[in-house]
$ cat protein-v7.cif   # mmCIF, C-alpha atoms
data_input
#
loop_
_atom_site.label_atom_id
_atom_site.label_comp_id
_atom_site.auth_asym_id
_atom_site.auth_seq_id
_atom_site.Cartn_x
_atom_site.Cartn_y
_atom_site.Cartn_z
CA ALA A 57 -64.30 -2.36 7.06
CA GLN A 58 -63.23 0.01 9.78
CA THR A 59 -64.34 3.63 9.83
CA VAL A 60 -62.93 6.55 11.78
CA THR A 61 -64.95 9.70 12.44
CA GLN A 62 -63.72 13.06 13.63
CA SER A 63 -66.77 15.21 14.24
CA GLN A 64 -64.97 18.54 14.70
CA PRO A 65 -63.71 19.94 11.38
CA GLU A 66 -62.17 22.97 13.08
CA MET A 67 -61.32 24.02 16.60
CA SER A 68 -59.50 26.88 18.23
CA VAL A 69 -57.90 27.35 21.64
CA GLN A 70 -56.07 30.10 23.44
CA GLU A 71 -52.39 29.63 24.05
CA ALA A 72 -51.69 27.85 27.37
CA GLU A 73 -55.22 26.46 27.61
CA THR A 74 -56.40 22.87 27.17
CA VAL A 75 -58.29 21.47 24.20
CA THR A 76 -59.79 18.06 23.47
CA LEU A 77 -60.19 16.61 19.98
CA SER A 78 -62.77 13.88 19.47
CA CYS A 79 -62.53 10.64 17.54
CA THR A 80 -64.82 7.64 17.27
CA TYR A 81 -64.28 4.47 15.31
CA ASP A 82 -66.15 1.39 14.29
CA THR A 83 -64.65 -2.07 14.24
CA SER A 84 -65.49 -5.66 15.08
CA GLU A 85 -61.88 -6.44 15.91
CA ASN A 86 -60.56 -6.81 19.44
CA ASN A 87 -56.84 -6.28 18.83
CA TYR A 88 -55.88 -3.02 17.23
CA TYR A 89 -53.95 0.20 17.62
CA LEU A 90 -55.09 3.80 17.61
CA PHE A 91 -53.00 6.82 16.70
CA TRP A 92 -53.10 10.57 16.57
CA TYR A 93 -51.03 12.21 13.84
CA LYS A 94 -50.23 15.89 13.49
CA GLN A 95 -49.86 17.53 10.09
CA PRO A 96 -48.49 21.10 10.22
CA PRO A 97 -48.48 23.36 7.15
CA SER A 98 -45.25 21.67 6.05
CA ARG A 99 -47.59 18.66 5.37
CA GLN A 100 -45.25 16.27 7.17
CA MET A 101 -47.17 13.56 9.06
CA ILE A 102 -45.92 13.42 12.64
CA LEU A 103 -46.91 10.73 15.12
CA VAL A 104 -48.25 12.32 18.30
CA ILE A 105 -49.37 9.38 20.38
CA ARG A 106 -50.44 5.75 20.06
CA GLN A 107 -52.62 3.43 22.10
CA GLU A 108 -52.78 -0.35 22.09
CA ALA A 109 -56.36 -1.58 22.47
CA TYR A 110 -55.39 -4.26 24.97
CA LYS A 111 -54.01 -1.66 27.39
CA GLN A 112 -56.51 -0.09 29.73
CA GLN A 113 -54.14 2.67 30.77
CA ASN A 114 -54.43 5.80 28.68
CA ALA A 115 -51.29 6.77 26.78
CA THR A 116 -49.49 10.01 27.63
CA GLU A 117 -46.71 11.87 25.84
CA ASN A 118 -45.70 15.07 27.60
CA ARG A 119 -48.55 17.57 27.01
CA PHE A 120 -50.56 15.07 24.96
CA SER A 121 -52.81 12.45 26.46
CA VAL A 122 -55.70 10.32 25.29
CA ASN A 123 -58.99 9.19 26.75
CA PHE A 124 -59.50 5.69 25.35
CA GLN A 125 -62.97 4.25 25.91
CA LYS A 126 -62.92 0.83 24.26
CA ALA A 127 -66.54 -0.08 24.86
CA ALA A 128 -67.69 3.25 23.48
CA LYS A 129 -65.13 3.07 20.64
CA SER A 130 -63.92 6.54 21.49
CA PHE A 131 -60.37 7.88 21.38
CA SER A 132 -60.03 11.58 22.19
CA LEU A 133 -56.83 13.61 22.32
CA LYS A 134 -56.20 16.19 25.03
CA ILE A 135 -53.58 18.85 24.48
CA SER A 136 -52.59 20.66 27.66
CA ASP A 137 -50.81 24.01 27.84
CA SER A 138 -51.42 24.60 24.14
CA GLN A 139 -48.59 26.20 22.21
CA LEU A 140 -48.57 28.14 18.95
CA GLY A 141 -46.62 25.28 17.38
CA ASP A 142 -49.54 22.96 18.02
CA THR A 143 -51.44 24.69 15.20
CA ALA A 144 -51.98 21.93 12.63
CA MET A 145 -54.35 19.34 11.23
CA TYR A 146 -54.81 16.42 13.56
CA PHE A 147 -55.79 12.99 12.27
CA CYS A 148 -57.07 10.07 14.26
CA ALA A 149 -56.14 6.69 12.77
CA PHE A 150 -56.97 3.03 13.35
CA MET A 151 -54.74 0.06 12.63
CA ASP A 152 -55.97 -3.50 12.50
CA ASN A 153 -52.83 -5.56 12.90
CA ASN A 154 -54.53 -8.55 11.31
CA ALA A 155 -55.03 -6.76 7.98
CA GLY A 156 -51.61 -5.83 6.69
CA ASN A 157 -51.21 -3.14 9.35
CA MET A 158 -53.15 -0.71 7.22
CA LEU A 159 -54.04 2.64 8.73
CA THR A 160 -57.55 4.01 8.33
CA PHE A 161 -57.74 7.77 8.89
CA GLY A 162 -60.46 10.09 10.03
CA GLY A 163 -61.19 13.26 8.10
CA GLY A 164 -59.11 15.44 10.39
CA THR A 165 -59.58 18.38 12.76
CA ARG A 166 -57.94 21.70 12.00
CA LEU A 167 -56.66 23.18 15.28
CA MET A 168 -55.75 26.83 15.59
CA VAL A 169 -53.88 27.99 18.69
CA LYS A 170 -54.41 31.70 19.25
CA PRO A 171 -51.93 33.94 21.05
CA ASN B 40 -31.01 10.54 8.68
CA ALA B 41 -33.03 7.34 8.57
CA GLY B 42 -36.49 7.66 7.12
CA VAL B 43 -38.67 7.53 4.05
CA THR B 44 -37.60 9.44 0.95
CA GLN B 45 -40.07 10.37 -1.77
CA THR B 46 -39.34 11.89 -5.15
CA PRO B 47 -40.36 14.19 -6.70
CA LYS B 48 -41.81 16.70 -4.22
CA PHE B 49 -43.87 18.48 -6.85
CA GLN B 50 -45.08 17.48 -10.32
CA VAL B 51 -47.45 18.86 -12.92
CA LEU B 52 -48.76 16.47 -15.57
CA LYS B 53 -51.01 16.86 -18.55
CA THR B 54 -54.03 14.58 -18.80
CA GLY B 55 -52.97 11.26 -20.30
CA GLN B 56 -49.30 11.50 -19.35
CA SER B 57 -47.66 8.85 -17.24
CA MET B 58 -45.25 9.08 -14.36
CA THR B 59 -43.76 7.09 -11.50
CA LEU B 60 -43.48 8.28 -7.92
CA GLN B 61 -40.46 6.85 -6.18
CA CYS B 62 -40.21 5.86 -2.53
CA ALA B 63 -37.34 4.38 -0.54
CA GLN B 64 -36.88 3.58 3.14
CA ASP B 65 -33.68 2.72 4.94
CA MET B 66 -35.15 1.33 8.16
CA ASN B 67 -35.39 -2.29 7.04
CA HIS B 68 -39.20 -2.25 7.40
CA ASN B 69 -41.16 -5.03 5.75
CA SER B 70 -44.37 -3.14 5.02
CA MET B 71 -44.72 -0.12 2.78
CA TYR B 72 -47.77 1.92 1.73
CA TRP B 73 -49.00 4.55 -0.70
CA TYR B 74 -51.71 6.98 0.40
CA ARG B 75 -53.36 9.96 -1.23
CA GLN B 76 -54.66 13.03 0.57
CA ASP B 77 -57.27 15.24 -1.02
CA PRO B 78 -58.05 18.75 0.27
CA GLY B 79 -59.77 18.73 3.65
CA MET B 80 -59.66 14.96 3.90
CA GLY B 81 -57.71 12.28 5.63
CA LEU B 82 -55.35 9.93 3.89
CA ARG B 83 -56.75 7.07 1.84
CA LEU B 84 -54.82 3.91 1.05
CA ILE B 85 -54.03 3.25 -2.61
CA TYR B 86 -51.82 0.16 -2.44
CA TYR B 87 -49.63 -1.54 0.08
CA SER B 88 -46.89 -4.13 0.23
CA ALA B 89 -46.74 -6.30 3.33
CA SER B 90 -43.37 -7.73 2.32
CA GLU B 91 -40.92 -7.81 -0.54
CA GLY B 92 -42.54 -9.42 -3.57
CA THR B 93 -46.16 -8.85 -2.51
CA THR B 94 -48.59 -6.02 -3.23
CA ASP B 95 -52.28 -5.56 -2.46
CA LYS B 96 -55.00 -3.07 -3.29
CA GLY B 97 -56.19 -0.56 -0.78
CA GLU B 98 -59.29 1.62 -0.72
CA VAL B 99 -58.68 3.60 -3.94
CA PRO B 100 -56.46 1.57 -6.34
CA ASN B 101 -58.09 2.42 -9.69
CA GLY B 102 -55.75 4.19 -12.09
CA TYR B 103 -52.59 3.17 -10.25
CA ASN B 104 -50.02 0.40 -10.32
CA VAL B 105 -47.23 -0.36 -7.89
CA SER B 106 -43.94 -2.21 -7.80
CA ARG B 107 -42.07 -3.45 -4.76
CA LEU B 108 -38.68 -3.46 -6.38
CA ASN B 109 -36.85 -4.70 -3.30
CA LYS B 110 -37.21 -4.32 0.44
CA ARG B 111 -36.22 -0.65 0.31
CA GLU B 112 -38.18 0.62 -2.67
CA PHE B 113 -41.90 0.85 -3.45
CA SER B 114 -42.96 2.84 -6.50
CA LEU B 115 -46.37 4.12 -7.60
CA ARG B 116 -47.17 4.52 -11.29
CA LEU B 117 -49.89 6.52 -13.00
CA GLU B 118 -50.23 5.13 -16.52
CA SER B 119 -52.62 7.75 -17.87
CA ALA B 120 -53.04 10.64 -15.47
CA ALA B 121 -56.48 12.17 -14.95
CA PRO B 122 -57.48 15.43 -13.21
CA SER B 123 -59.14 13.33 -10.48
CA GLN B 124 -55.66 12.12 -9.52
CA THR B 125 -54.62 15.63 -8.50
CA SER B 126 -53.67 15.10 -4.87
CA VAL B 127 -50.84 14.87 -2.37
CA TYR B 128 -49.29 11.42 -2.29
CA PHE B 129 -47.59 9.96 0.75
CA CYS B 130 -45.40 6.92 1.00
CA ALA B 131 -44.94 5.26 4.38
CA SER B 132 -43.31 2.28 5.99
CA ASN B 133 -44.48 0.51 9.09
CA ASN B 134 -42.42 0.58 12.24
CA PRO B 135 -43.80 -2.35 14.27
CA LEU B 136 -42.90 -0.56 17.50
CA GLY B 137 -44.13 2.92 16.83
CA GLY B 138 -46.49 3.25 13.91
CA TYR B 139 -45.80 4.54 10.47
CA THR B 140 -42.93 6.66 9.23
CA PHE B 141 -44.12 8.91 6.41
CA GLY B 142 -42.31 10.51 3.55
CA SER B 143 -42.66 14.25 3.02
CA GLY B 144 -45.25 13.86 0.27
CA THR B 145 -45.55 14.58 -3.45
CA ARG B 146 -47.92 17.28 -4.62
CA LEU B 147 -49.25 16.19 -8.01
CA THR B 148 -51.36 18.38 -10.25
CA VAL B 149 -52.96 16.98 -13.40
CA VAL B 150 -54.18 19.62 -15.85
#
$ encode --input "protein-v7.cif" --output "structure tokens"
Amino acid sequence: AQTVTQSQPEMSVQEAETVTLSCTYDTSENNYYLFWYKQPPSRQMILVIRQEAYKQQNATENRFSVNFQKAAKSFSLKISDSQLGDTAMYFCAFMDNNAGNMLTFGGGTRLMVKP
Amino acid sequence: NAGVTQTPKFQVLKTGQSMTLQCAQDMNHNSMYWYRQDPGMGLRLIYYSASEGTTDKGEVPNGYNVSRLNKREFSLRLESAAPSQTSVYFCASNNPLGGYTFGSGTRLTVV
């Protein structure tokens, strides 16, 4: 079974600065997907970014980018130019596309962006 | 708007009562899922349905049953609610191109 670990329960960052959220995972699979989801106080789950394991290039979506280290099984999220609206819970998730496309989530990191 | 619709949004049950959480998606996705989220934790898979007519257990299936009524609908039933089932429940469907689409969640309290 896959496991996903987020070692930072809480983090804070000043508005306009950069913050990196950590995620490690454990799997014996070679083909999989990794995701970061944002959950604001509204509790809606919002996809931030995704990475296919077979792609070496790190995914980027506007101010959000990842550092995907496949050998180290690490998948960190960098948020640049942090905004107050980035305040939320962030969940790292793993999908093994050979197992019903189930998502396995980490425990989450609560991010507070301070003005 | 296309998406995943869950009902109800809030529910309070007494121990031993039963209820069904409804979920429908209009994106023609094959796979649908039910997760629960407990305070301070990530989501854990209860049951999933890879296609119409099939269902499988996830990580925490005890105390729940599911029905994949058709391609659009996937319901979750609590036959005899227990306080340990107090949680936020999310339904989701899988977009093969872009990950899951989640419903807005159901906050269930069992007293």
$ closest_residue --input "protein-v7.cif" --among "A:Gln62, A:Thr80, A:Thr143, A:Ser138" --to "chain B" --atoms "all atoms listed in the file"
A:Gln62
$ resolve_selection --input "protein-v7.cif" --expression "the PyMOL selection byres ((chain A) within 8 of (chain B))" --output "PyMOL selection string"
chain A and resi 91+99-103+106+147+156-164
$ residues_around --input "protein-v7.cif" --residues "Gln64 in chain B" --least-positions-apart "6" --cutoff "6 Å" --atoms "all atoms listed in the file" --output "ChimeraX atom specification"
/B:42-43,111
$ closest_residue --input "protein-v7.cif" --among "B:Thr148, B:Asn101, B:Asn109, B:Gln124" --to "Asn67 in chain B" --atoms "only C-alpha atoms"
B:Asn109
$ residues_near_point --input "protein-v7.cif" --point "(-56.7, -1.7, 19.1)" --cutoff "6 Å" --atoms "all atoms listed in the file" --output "count of residues only"
6
$ closest_residue --input "protein-v7.cif" --among "A:Glu66, A:Asp142, A:Glu73, A:Glu85" --to "Tyr110 in chain A" --atoms "all atoms listed in the file"
A:Glu85
$ residues_around --input "protein-v7.cif" --residues "Ser84 in chain A" --least-positions-apart "6" --cutoff "12 Å" --atoms "all atoms listed in the file" --output "list in words"
Ala57, Gln58, Thr59, Lys126, Ala127, Lys129, Asp152 and Asn154 of chain A
$ resolve_selection --input "protein-v7.cif" --expression "the PyMOL selection byres ((chain B and resi 147) around 9)" --output "VMD selection string"
chain B and resid 48 to 52 124 to 128 145 to 146 148 to 149
$ atom_distance --input "protein-v7.cif" --atom1 "CA of Gly55 in chain B" --atom2 "CA of Ala120 in chain B"
4.9 Å
$ closest_residue --input "protein-v7.cif" --among "A:Asn118, A:Thr76, A:Thr61, A:Pro171" --to "Leu140 in chain A" --atoms "all atoms listed in the file"
A:Pro171
$ resolve_selection --input "protein-v7.cif" --expression "the PyMOL selection byres ((chain A and resi 123) around 12)" --output "count of residues only"
32
$ atom_distance --input "protein-v7.cif" --atom1 "CA of Val104 in chain A" --atom2 "CA of Thr74 in chain A"
16.0 Å
